[in-house]
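The structure appears right after this line, and notes come after that.
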Amino acid sequence: MSVQQQFGPSLRNEFLSRYLDNLALLERLHRLMLDVIKDEFERLGVMTINPVQALLLFNIGDHEVTAGELKSRGYYQGSNVTYNLKKLVELGYMHHQRCAVDKRSVRVRLTPKGQEIRDKLSDMFSQHAQKMQQENIVDFSTLDSVARTLKKIERYWGDQIRYIY
(Lines give C-alpha, C1' and ligand atoms only; values in the text may rest on other atoms or scores of the structure.)
Protein backbone atom coordinates (compact mmCIF):
# COMPACT_ATOMS: atom_id res chain seq x y z
CA MET A 1 0.00 0.00 0.00
CA SER A 2 1.43 3.39 -0.99
CA VAL A 3 1.75 6.26 1.44
CA GLN A 4 -0.92 8.16 -0.47
CA GLN A 5 -3.35 5.23 -0.31
CA GLN A 6 -2.60 4.82 3.38
CA PHE A 7 -3.21 8.47 4.28
CA GLY A 8 -5.86 9.29 1.69
CA PRO A 9 -6.96 12.59 0.15
CA SER A 10 -5.29 14.79 2.76
CA LEU A 11 -1.78 13.73 1.72
CA ARG A 12 -2.70 13.86 -1.97
CA ASN A 13 -3.94 17.45 -1.53
CA GLU A 14 -0.79 18.36 0.39
CA PHE A 15 1.38 16.84 -2.35
CA LEU A 16 -0.54 18.72 -5.05
CA SER A 17 -0.18 21.95 -3.10
CA ARG A 18 3.58 21.44 -2.70
CA TYR A 19 3.90 20.50 -6.39
CA LEU A 20 2.10 23.69 -7.47
CA ASP A 21 4.23 25.77 -5.08
CA ASN A 22 7.35 24.32 -6.68
CA LEU A 23 6.08 25.03 -10.20
CA ALA A 24 5.46 28.65 -9.26
CA LEU A 25 8.92 28.82 -7.67
CA LEU A 26 10.53 27.51 -10.88
CA GLU A 27 8.81 30.25 -12.87
CA ARG A 28 9.82 32.96 -10.39
CA LEU A 29 13.41 31.74 -10.30
CA HIS A 30 13.66 31.80 -14.09
CA ARG A 31 12.27 35.34 -14.29
CA LEU A 32 14.54 36.42 -11.42
CA MET A 33 17.59 34.93 -13.17
CA LEU A 34 16.71 36.96 -16.27
CA ASP A 35 16.45 40.08 -14.10
CA VAL A 36 19.84 39.35 -12.51
CA ILE A 37 21.40 39.03 -15.98
CA LYS A 38 19.68 42.23 -17.12
CA ASP A 39 20.98 44.15 -14.07
CA GLU A 40 24.52 42.79 -14.53
CA PHE A 41 24.52 43.73 -18.20
CA GLU A 42 23.24 47.22 -17.42
CA ARG A 43 26.05 47.58 -14.87
CA LEU A 44 28.57 46.46 -17.53
CA GLY A 45 27.04 48.70 -20.22
CA VAL A 46 25.87 45.80 -22.38
CA MET A 47 22.62 47.13 -23.81
CA THR A 48 22.36 45.55 -27.26
CA ILE A 49 21.00 42.13 -26.27
CA ASN A 50 18.42 40.89 -23.82
CA PRO A 51 18.93 38.26 -21.08
CA VAL A 52 17.32 35.48 -23.14
CA GLN A 53 19.73 36.15 -25.98
CA ALA A 54 22.65 36.24 -23.54
CA LEU A 55 21.64 32.84 -22.16
CA LEU A 56 21.42 31.54 -25.70
CA LEU A 57 25.04 32.60 -26.26
CA PHE A 58 26.05 31.07 -22.93
CA ASN A 59 24.41 27.74 -23.72
CA ILE A 60 25.86 27.52 -27.21
CA GLY A 61 29.32 28.11 -25.79
CA ASP A 62 32.07 26.71 -28.01
CA HIS A 63 29.69 24.51 -30.01
CA GLU A 64 28.39 24.92 -33.53
CA VAL A 65 24.66 24.13 -33.51
CA THR A 66 21.36 24.46 -35.35
CA ALA A 67 18.17 25.93 -33.89
CA GLY A 68 16.73 22.41 -33.90
CA GLU A 69 19.61 21.15 -31.79
CA LEU A 70 19.04 23.91 -29.26
CA LYS A 71 15.39 22.89 -29.02
CA SER A 72 16.20 19.19 -28.77
CA ARG A 73 18.73 19.86 -26.01
CA GLY A 74 15.89 21.44 -24.11
CA TYR A 75 17.37 24.93 -23.91
CA TYR A 76 14.62 26.71 -25.85
CA GLN A 77 11.09 26.14 -27.04
CA GLY A 78 9.11 27.63 -29.88
CA SER A 79 9.82 30.09 -32.61
CA ASN A 80 11.69 32.58 -30.44
CA VAL A 81 14.88 30.54 -30.95
CA THR A 82 14.95 31.31 -34.66
CA TYR A 83 14.13 34.98 -34.06
CA ASN A 84 16.83 35.34 -31.40
CA LEU A 85 19.44 33.53 -33.48
CA LYS A 86 18.70 35.82 -36.44
CA LYS A 87 18.93 38.89 -34.22
CA LEU A 88 22.25 37.73 -32.71
CA VAL A 89 23.67 37.17 -36.21
CA GLU A 90 22.53 40.67 -37.25
CA LEU A 91 24.18 42.19 -34.16
CA GLY A 92 27.45 40.37 -34.82
CA TYR A 93 27.36 37.98 -31.84
CA MET A 94 27.08 34.89 -34.02
CA HIS A 95 28.23 33.51 -37.36
CA HIS A 96 25.81 31.46 -39.42
CA GLN A 97 26.41 29.08 -42.29
CA ARG A 98 24.21 26.69 -44.26
CA CYS A 99 24.83 23.01 -43.52
CA ALA A 100 26.68 21.19 -46.30
CA VAL A 101 24.49 18.10 -45.83
CA ASP A 102 21.07 19.74 -45.33
CA LYS A 103 20.80 23.09 -47.13
CA ARG A 104 17.60 23.92 -45.22
CA SER A 105 19.51 23.89 -41.94
CA VAL A 106 21.75 26.70 -40.71
CA ARG A 107 24.57 26.14 -38.23
CA VAL A 108 25.56 28.94 -35.85
CA ARG A 109 28.57 29.59 -33.64
CA LEU A 110 29.73 32.50 -31.52
CA THR A 111 31.85 35.31 -32.87
CA PRO A 112 34.52 36.83 -30.60
CA LYS A 113 31.88 39.42 -29.62
CA GLY A 114 29.50 36.58 -28.66
CA GLN A 115 32.27 34.82 -26.74
CA GLU A 116 32.75 38.01 -24.68
CA ILE A 117 29.09 37.87 -23.63
CA ARG A 118 29.36 34.17 -22.85
CA ASP A 119 32.45 34.87 -20.73
CA LYS A 120 30.69 37.68 -18.84
CA LEU A 121 27.83 35.34 -17.95
CA SER A 122 30.24 32.56 -17.05
CA ASP A 123 32.11 34.92 -14.72
CA MET A 124 28.87 36.09 -13.13
CA PHE A 125 27.65 32.52 -12.55
CA SER A 126 31.07 31.56 -11.12
CA GLN A 127 30.94 34.50 -8.72
CA HIS A 128 27.43 33.54 -7.64
CA ALA A 129 28.45 29.92 -7.02
CA GLN A 130 31.52 30.96 -5.07
CA LYS A 131 29.58 33.43 -2.92
CA MET A 132 26.76 30.94 -2.24
CA GLN A 133 29.31 28.38 -1.15
CA GLN A 134 31.30 30.82 1.01
CA GLU A 135 28.18 32.16 2.71
CA ASN A 136 26.73 28.66 3.21
CA ILE A 137 23.60 29.61 1.28
CA VAL A 138 23.53 26.17 -0.29
CA ASP A 139 25.95 23.25 -0.20
CA PHE A 140 27.02 20.82 -2.90
CA SER A 141 24.89 17.91 -1.68
CA THR A 142 21.77 20.10 -1.69
CA LEU A 143 22.49 21.34 -5.22
CA ASP A 144 23.09 17.76 -6.30
CA SER A 145 19.83 16.58 -4.72
CA VAL A 146 17.85 19.43 -6.31
CA ALA A 147 19.39 18.67 -9.72
CA ARG A 148 18.49 14.98 -9.44
CA THR A 149 14.93 15.85 -8.47
CA LEU A 150 14.53 18.36 -11.30
CA LYS A 151 15.88 15.82 -13.80
CA LYS A 152 13.26 13.30 -12.61
CA ILE A 153 10.53 15.90 -13.15
CA GLU A 154 12.01 16.74 -16.56
CA ARG A 155 11.93 13.05 -17.55
CA TYR A 156 8.37 12.69 -16.28
CA TRP A 157 7.17 15.76 -18.21
CA GLY A 158 9.05 14.62 -21.31
CA ASP A 159 7.33 11.25 -21.10
CA GLN A 160 3.95 12.98 -20.81
CA ILE A 161 4.59 14.87 -24.03
CA ARG A 162 5.72 11.75 -25.89
CA TYR A 163 2.63 9.79 -24.85
CA ILE A 164 0.22 12.49 -26.03
CA TYR A 165 1.00 11.72 -29.67
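Chain identifiers are assigned as A, B, and so on, following the order in which chains appear in the C-alpha coordinates; residues are numbered from 1 within each chain, and ligands are numbered from 1 in order of appearance.
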Got a sec: who's within 10 Å of range 41-47 of chain A, counting only C-alpha atoms, leaving out chain neighbours fewer than 4 positions off, as an MDAnalysis selection string?
-> chainID A and resid 35:37 51 54 117 120:121
Can you write out as a Markdown table which residues of range 25-54 of chain A fall within 12 Å of range 92-111 of chain A, alongside each residue's closest atom pair and its distance in Å to one decimal, counting only C-alpha atoms and ordering rows by chain and ascending residue number?
| residue | atom | partner | partner_atom | distance |
| --- | --- | --- | --- | --- |
| A:Thr48 | CA | A:Tyr93 | CA | 10.2 |
| A:Ile49 | CA | A:Tyr93 | CA | 9.4 |
| A:Gln53 | CA | A:Tyr93 | CA | 9.8 |
| A:Ala54 | CA | A:Tyr93 | CA | 9.7 |
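DSSP secondary structure from the backbone places Val65, Met94, His95, His96, Gln97, Arg98, Val106, Arg107, Val108, Arg109 and Leu110 of chain A of range 11-162 of chain A in strand (DSSP E or B).
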Among the residues A:Leu88, A:Val81, A:Leu25, A:Met124, the one that comes closest to Lys38 in chain A [using only C-alpha atoms] = A:Met124
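The shortest atom-to-atom distance to Lys113 in chain A, with only C-alpha atoms taken into account, belongs to A:Leu91 out of A:Met132, A:Ile161, A:Leu26, A:Leu91.
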Expected answer as an NGL selection string: alpha helix (DSSP H) residues in range 38-71 of chain A | :A and (38-44 or 51-60 or 67-71)
Separation of CA of Lys87 in chain A from CA of Asn50 in chain A, in Å and rounded to one decimal = 10.6 Å
